[in-house]
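Shown here: run.txt, compact mmCIF, C-alpha atoms.
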```txt
# COMPACT_ATOMS: atom_id res chain seq x y z
CA MET I 1 16.12 27.75 -11.79
CA GLU I 2 14.42 25.11 -13.94
CA ASN I 3 13.79 22.83 -10.96
CA ILE I 4 12.16 25.65 -8.98
CA ILE I 5 9.89 26.59 -11.90
CA THR I 6 8.84 22.95 -12.37
CA LEU I 7 8.09 22.58 -8.67
CA PHE I 8 5.83 25.65 -8.50
CA THR I 9 4.07 25.28 -11.86
CA LYS I 10 3.67 21.56 -12.56
CA GLU I 11 3.76 19.66 -9.27
CA HIS I 12 0.83 19.45 -6.88
CA GLY I 13 -0.37 17.46 -3.88
CA ILE I 14 -0.11 17.69 -0.11
CA TYR I 15 3.56 16.67 0.01
CA LYS I 16 4.53 19.03 -2.82
CA ASN I 17 2.64 21.96 -1.25
CA MET I 18 4.43 21.42 2.04
CA PHE I 19 7.76 21.22 0.22
CA LYS I 20 6.97 24.51 -1.59
CA PHE I 21 6.38 26.12 1.79
CA TYR I 22 9.75 24.90 3.07
CA VAL I 23 11.47 26.15 -0.10
CA ILE I 24 9.97 29.64 0.31
CA LEU I 25 10.90 29.68 3.99
CA LEU I 26 14.45 28.59 3.22
CA PHE I 27 14.72 31.27 0.52
CA ILE I 28 13.68 33.99 2.97
CA ILE I 29 16.07 32.77 5.66
CA ILE I 30 19.09 32.59 3.32
CA LEU I 31 18.35 35.97 1.74
CA TYR I 32 17.89 37.51 5.19
CA ILE I 33 21.26 36.16 6.34
CA PHE I 34 22.99 37.63 3.28
CA THR I 35 21.39 41.06 3.68
CA LYS I 36 22.54 41.22 7.31
CA VAL I 37 26.18 41.17 6.23
CA ASP I 38 27.55 44.72 5.92
CA LEU I 39 29.15 43.87 2.58
CA PHE I 40 25.74 43.42 1.03
CA ASN I 41 24.39 46.87 1.77
CA LYS I 42 25.14 47.93 -1.80
CA SER I 43 22.58 47.12 -4.50
CA ILE I 44 25.00 45.13 -6.64
CA TYR I 45 25.81 42.81 -3.77
CA ILE I 46 22.14 42.41 -2.91
CA LEU I 47 21.58 41.25 -6.49
CA ILE I 48 24.48 38.81 -6.19
CA ALA I 49 23.05 37.55 -2.91
CA PHE I 50 19.66 37.04 -4.58
CA ILE I 51 21.18 35.07 -7.47
CA PHE I 52 23.29 32.97 -5.11
CA THR I 53 20.21 32.25 -2.98
CA ILE I 54 18.30 31.11 -6.07
CA TYR I 55 21.22 28.82 -6.93
CA ILE I 56 21.21 27.25 -3.45
CA ILE I 57 17.44 26.77 -3.52
CA ASN I 58 17.54 25.24 -7.01
CA THR I 59 20.25 22.80 -5.90
CA PHE I 60 18.21 21.88 -2.83
CA VAL I 61 15.08 21.24 -4.94
CA ARG I 62 17.03 19.17 -7.47
CA PHE I 63 18.56 17.04 -4.71
CA ASN I 64 15.15 16.47 -3.15
CA GLN I 65 13.59 15.53 -6.48
CA ASN I 66 16.40 13.11 -7.33
CA ASN I 67 16.16 11.52 -3.91
CA LEU I 68 12.40 11.13 -4.27
CA ASN I 69 12.77 9.70 -7.78
CA ASP I 70 15.28 7.15 -6.50
CA LYS I 71 12.83 6.04 -3.81
CA ASN I 72 10.01 5.79 -6.34
CA LYS I 73 12.20 3.74 -8.68
CA LEU I 74 13.12 1.39 -5.85
CA LEU I 75 9.45 0.97 -4.90
CA HIS I 76 8.61 0.28 -8.54
CA VAL I 77 11.25 -2.46 -8.68
CA LYS I 78 9.83 -4.04 -5.51
CA LEU I 79 6.29 -3.89 -6.88
CA GLU I 80 7.38 -5.41 -10.19
CA THR I 81 9.16 -8.20 -8.30
CA LEU I 82 6.00 -8.99 -6.34
CA GLN I 83 4.00 -8.96 -9.58
CA SER I 84 6.45 -11.37 -11.18
CA LYS I 85 5.98 -13.78 -8.25
CA ILE I 86 2.23 -13.65 -8.71
CA TYR I 87 2.62 -14.41 -12.42
CA GLN I 88 5.06 -17.18 -11.57
CA TYR I 89 2.37 -18.81 -9.45
CA ILE I 90 -0.21 -18.36 -12.23
CA ARG I 91 2.12 -20.06 -14.70
CA TYR I 92 2.53 -22.92 -12.25
CA LYS I 93 -1.25 -23.32 -11.89
CA ILE I 94 -1.71 -23.22 -15.66
CA SER I 95 0.94 -25.93 -16.10
CA THR I 96 -0.82 -28.02 -13.45
CA LEU I 97 -4.13 -27.77 -15.29
CA THR I 98 -2.42 -28.69 -18.56
CA THR I 99 -0.79 -31.71 -16.95
CA ASN I 100 -4.21 -32.85 -15.71
CA GLY I 101 -5.61 -32.72 -19.23
CA GLN I 102 -7.45 -29.41 -19.01
CA LYS I 103 -6.99 -26.88 -21.78
CA LEU I 104 -7.10 -23.11 -21.57
CA ASN I 105 -7.37 -21.04 -24.70
CA PRO I 106 -5.03 -18.02 -25.06
CA ARG I 107 -7.86 -15.59 -24.32
CA ASN I 108 -8.66 -17.24 -20.99
CA ILE I 109 -4.98 -17.27 -20.07
CA GLN I 110 -4.72 -13.57 -20.89
CA MET I 111 -7.80 -12.84 -18.77
CA LEU I 112 -6.24 -14.80 -15.92
CA TYR I 113 -3.13 -12.65 -16.02
CA GLU I 114 -5.23 -9.48 -16.24
CA LYS I 115 -7.28 -10.53 -13.22
CA ASN I 116 -4.11 -11.04 -11.20
CA LYS I 117 -2.54 -7.65 -11.80
CA LEU I 118 -1.57 -5.88 -8.60
CA ASP I 119 -3.51 -2.81 -9.67
CA ALA I 120 -3.97 -1.21 -6.23
CA LEU I 121 -0.91 -2.21 -4.21
CA TYR I 122 0.96 0.84 -5.49
CA ILE I 123 -1.08 3.17 -3.25
CA ASP I 124 0.60 1.83 -0.10
CA SER I 125 4.39 2.08 -0.22
CA ASN I 126 4.78 0.66 3.29
CA MET I 127 2.84 -2.46 2.31
CA ILE I 128 4.94 -2.89 -0.83
CA THR I 129 8.12 -2.71 1.25
CA PHE I 130 6.74 -5.16 3.81
CA LEU I 131 5.55 -7.78 1.29
CA TYR I 132 8.83 -7.49 -0.59
CA SER I 133 10.75 -8.06 2.66
CA ILE I 134 8.96 -11.37 3.29
CA LEU I 135 9.33 -12.58 -0.30
CA PRO I 136 11.54 -15.53 0.81
CA LEU I 137 8.39 -17.09 2.33
CA TYR I 138 7.17 -17.78 -1.21
CA GLN I 139 9.46 -20.79 -1.49
CA TYR I 140 7.82 -22.42 1.54
CA ASN I 141 4.24 -22.08 0.35
CA PRO I 142 3.59 -20.36 -3.00
CA GLN I 143 -0.20 -20.66 -2.71
CA GLU I 144 -0.40 -18.94 0.67
CA PHE I 145 1.91 -16.17 -0.51
CA TYR I 146 -0.19 -15.68 -3.62
CA LEU I 147 -3.40 -15.48 -1.58
CA LEU I 148 -1.76 -13.05 0.87
CA VAL I 149 -0.59 -10.64 -1.82
CA LYS I 150 -3.78 -10.95 -3.87
CA GLY I 151 -5.97 -10.43 -0.82
CA THR I 152 -3.94 -7.42 0.30
CA ASN I 153 -4.21 -5.88 -3.15
CA ASN I 154 -7.98 -6.36 -3.07
CA ILE I 155 -8.31 -4.64 0.31
CA LEU I 156 -6.40 -1.67 -1.07
CA LYS I 157 -8.53 -1.81 -4.21
CA LEU I 158 -11.67 -1.47 -2.10
CA LYS I 159 -10.21 1.64 -0.48
CA HIS I 160 -9.10 3.03 -3.82
CA ASP I 161 -12.50 2.40 -5.43
CA ILE I 162 -14.25 4.25 -2.60
CA GLU I 163 -11.90 7.21 -2.95
CA ARG I 164 -12.28 7.37 -6.74
CA PHE I 165 -16.07 7.21 -6.42
CA TYR I 166 -16.03 10.03 -3.88
CA ILE I 167 -13.87 12.22 -6.12
CA ALA I 168 -16.21 11.65 -9.06
CA GLU I 169 -19.57 11.86 -7.24
CA ASN I 170 -18.77 13.76 -4.03
CA ASP I 171 -20.41 10.86 -2.20
CA TYR I 172 -19.66 7.30 -1.14
CA PRO I 173 -20.88 4.10 -2.86
CA GLU I 174 -24.26 2.82 -1.64
CA ASN I 175 -22.74 -0.59 -0.95
CA ILE I 176 -19.97 0.80 1.26
CA HIS I 177 -21.34 -1.34 4.14
CA GLU I 178 -20.64 -4.50 2.14
CA MET I 179 -17.27 -3.15 0.97
CA LEU I 180 -16.15 -2.65 4.58
CA GLN I 181 -17.35 -6.13 5.55
CA ILE I 182 -15.50 -7.65 2.60
CA ALA I 183 -12.35 -5.76 3.58
CA ILE I 184 -12.56 -7.09 7.15
CA GLN I 185 -13.07 -10.65 5.90
CA LEU I 186 -10.19 -10.31 3.45
CA LYS I 187 -7.98 -9.14 6.30
CA THR I 188 -8.97 -12.25 8.26
CA ASN I 189 -8.11 -14.43 5.28
CA CYS I 190 -4.76 -12.72 4.78
CA MET I 191 -3.88 -13.16 8.45
CA ASN I 192 -4.75 -16.84 8.09
CA ASN I 193 -2.56 -17.06 4.98
CA LEU I 194 0.37 -15.69 6.94
CA HIS I 195 -0.34 -17.96 9.87
CA ASN I 196 -0.32 -21.04 7.63
CA PHE I 197 3.37 -20.56 6.86
CA ILE I 198 4.02 -21.92 10.34
CA TYR I 199 3.30 -25.40 8.94
CA THR I 200 5.75 -25.22 6.04
CA VAL I 201 8.72 -23.16 7.27
CA PRO I 202 11.65 -24.97 8.92
CA LYS I 203 10.67 -26.29 12.33
CA GLN I 204 12.75 -23.88 14.38
CA ASN I 205 11.80 -21.53 17.19
CA LYS I 206 13.55 -18.74 15.31
CA MET I 207 11.23 -19.22 12.34
CA TYR I 208 8.16 -19.42 14.60
CA SER I 209 9.14 -16.08 16.15
CA TYR I 210 9.72 -14.67 12.68
CA ILE I 211 6.20 -15.63 11.58
CA ASP I 212 4.79 -14.20 14.78
CA ASN I 213 6.53 -10.86 14.17
CA ILE I 214 5.33 -10.83 10.58
CA LEU I 215 1.75 -11.33 11.73
CA ILE I 216 2.05 -8.42 14.16
CA THR I 217 3.57 -6.10 11.54
CA TYR I 218 1.06 -7.03 8.84
CA ASN I 219 -1.82 -6.52 11.23
CA ILE I 220 -0.61 -3.00 12.00
CA LEU I 221 -0.16 -2.09 8.33
CA ILE I 222 -3.42 -3.53 7.01
CA SER I 223 -5.42 -2.19 9.96
CA ARG I 224 -4.56 1.34 8.82
CA THR I 225 -6.34 0.67 5.53
CA ILE I 226 -9.31 -1.00 7.26
CA LYS I 227 -9.54 1.98 9.61
CA GLN I 228 -9.62 4.40 6.67
CA ILE I 229 -12.40 2.41 4.97
CA HIS I 230 -14.27 2.42 8.28
CA ASN I 231 -13.90 6.21 8.44
CA TYR I 232 -15.42 6.48 4.97
CA HIS I 233 -18.23 4.21 6.13
CA SER I 234 -18.89 6.44 9.15
CA ASP I 235 -18.91 9.53 6.91
CA TYR I 236 -21.47 7.84 4.66
CA ILE I 237 -23.78 7.30 7.64
CA LYS I 238 -23.37 10.95 8.68
CA LEU I 239 -24.20 12.14 5.17
CA HIS I 240 -27.21 9.89 4.59
CA GLY I 241 -28.53 9.41 8.09
CA ILE I 242 -29.70 6.21 9.76
CA ASN I 243 -32.35 4.08 8.06
CA SER I 244 -33.42 0.45 7.77
CA ASN I 245 -30.50 -0.31 5.45
CA THR I 246 -27.85 1.16 7.75
CA THR I 247 -25.28 -1.34 8.98
CA PHE I 248 -23.11 -0.50 11.98
CA ILE I 249 -19.73 -2.20 11.91
CA ASP I 250 -17.27 -2.05 14.79
CA ILE I 251 -13.85 -3.00 13.45
CA ASN I 252 -12.34 -2.90 16.96
CA THR I 253 -14.27 -6.02 17.96
CA SER I 254 -13.56 -7.97 14.79
CA LYS I 255 -11.16 -10.89 15.14
CA SER I 256 -7.93 -11.09 13.22
CA PHE I 257 -8.47 -14.78 12.66
CA ASP I 258 -11.46 -16.78 11.53
CA PRO I 259 -13.40 -17.83 14.70
CA ALA I 260 -13.41 -21.44 13.45
CA ASN I 261 -9.69 -21.27 12.88
CA ASN I 262 -8.27 -19.36 15.86
CA ARG I 263 -5.29 -21.63 16.21
CA SER I 264 -2.10 -21.73 18.18
CA LEU I 265 1.14 -20.78 16.46
CA ILE I 266 2.55 -24.14 17.49
CA PRO I 267 2.01 -26.75 14.73
CA GLY I 268 -0.28 -29.61 15.62
CA LYS I 269 -2.50 -27.69 18.04
CA ASN I 270 -6.02 -26.76 16.94
CA GLY I 271 -4.98 -27.38 13.33
CA LEU I 272 -8.39 -26.88 11.75
CA LYS I 273 -8.41 -26.23 8.03
CA HIS I 274 -9.94 -22.87 7.20
CA SER I 275 -11.87 -21.84 4.12
CA PHE I 276 -11.49 -18.75 1.97
CA ILE I 277 -14.22 -16.57 0.57
CA ASP I 278 -13.92 -15.46 -3.05
CA LEU I 279 -11.51 -12.59 -3.40
CA TYR I 280 -12.84 -9.19 -4.40
CA PRO I 281 -12.53 -9.10 -8.23
```
Would you mind writing the structure in this file as C-alpha cells?
Amino acid sequence: MENIITLFTKEHGIYKNMFKFYVILLFIIILYIFTKVDLFNKSIYILIAFIFTIYIINTFVRFNQNNLNDKNKLLHVKLETLQSKIYQYIRYKISTLTTNGQKLNPRNIQMLYEKNKLDALYIDSNMITFLYSILPLYQYNPQEFYLLVKGTNNILKLKHDIERFYIAENDYPENIHEMLQIAIQLKTNCMNNLHNFIYTVPKQNKMYSYIDNILITYNILISRTIKQIHNYHSDYIKLHGINSNTTFIDINTSKSFDPANNRSLIPGKNGLKHSFIDLYP
C-alpha cells in the first residue's frame, strides 16, 4: 500500500501521470474480474477481492519503481564515467602546462574543473548512453573526445537554459536567435570532432564504417535537441511578432560539417584543418 500512496501523493510529471492512469485502469480490470466470479457475490469475498487487488497493484508499482531506479542508477554511473574522462583530460592539460613552466594557482584549477562539469548532459538519457558506448574512442584522441562531450553538453545547456527561463518568465530569452545559431555551430563542431577520429583510429575499413555509423547516430540524436530549440525560436517569433531584430533560421538547410571542412571520410582527401569557435560557457 505504501508504494501506491507514494505514487499518488509525492510523484508528478508526464510519465508518472500516465503510470497512475495505467495503475487505476489495472485496478478496475482486476477488481472487475474478481467480482464476475460467482464465489465473490458475498460481501466478505468482495472485501477479500479488494484487498488482494490492492496487493497486486502495490506489487506492480513497487516492481516498476525498482526497475526505474535501476535504470536511473545505471545512467548515473555512465554519466559519472563520462565526467571522470573529462576530468582526466583536464588533469592531463594541467600537467602539460606545468611541464612547460606555467603555473596555475589552486583557485584557477578549481574554476577549471567547475567550468568542465557536465551540468546539462543529464537531461538526455539517450545521449548519455550513446557517448558512453563510444568511450573507447577516447584512447585514440582524448582532445577530440573532450571537445565532443563538452560541446554536446553545451548544446543541451542552451536548451535547458531556454526551458528554465520560460518556466520562470513565461517567455523566451531575447537572445534566443543567437542561442539557436550557437547550438547549430556547436553541432557542426561536434560532428567535426567525431569525424576527426578517422585520422587516429586503426586504419581498417571496419573502423571507418564504425566512425561513419557513429556520425549518423550522433546526428540523429543531437538534431532532436536542435529541432526543439528551433521550435522554441519559432514560438518566440509568434509571441513577439516580426520586427527589424527578427532572425529567421532554417535548420534544415544547415550543413552538418563546416563548409570549409566538408571532407571525405577517407584519410588524406580534402584534409583541411578546421577551427573551433569558443564553446558556450
Neighbouring residues of I:Phe145 were defined as those with any atom within 9 Å, considering only C-alpha atoms; residues of the same chain fewer than 4 positions away were excluded. Please report them as an MDAnalysis selection string. chainID I and resid 86 135 137:141 149:150 193:194 197
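The coordinates place atom CA of I:Leu221 at 21.8 Å from atom CA of I:Asn116.
Rounded to one decimal, atom CA of I:Gln228 and atom CA of I:Ile162 lie 10.4 Å from each other.
If you measure from each of I:Leu82, I:Ile33, I:Ile176, I:Met127 to I:Thr217 using only C-alpha atoms, the closest one turns out to be I:Met127.
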Distance of atom CA of I:Lys157 from atom CA of I:Tyr236, expressed in Å to one decimal place: 18.4 Å
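When only C-alpha atoms are used to compute distances to I:Tyr89, the closest of the residues I:Asn154, I:Asn108, I:Arg164, I:Pro142 turns out to be I:Pro142.
Of the listed residues I:Lys71, I:Gln143, I:Gln110, I:Tyr232, the one whose atoms come nearest to I:Thr200 is I:Gln143, with distances taken using all atoms listed in the file.
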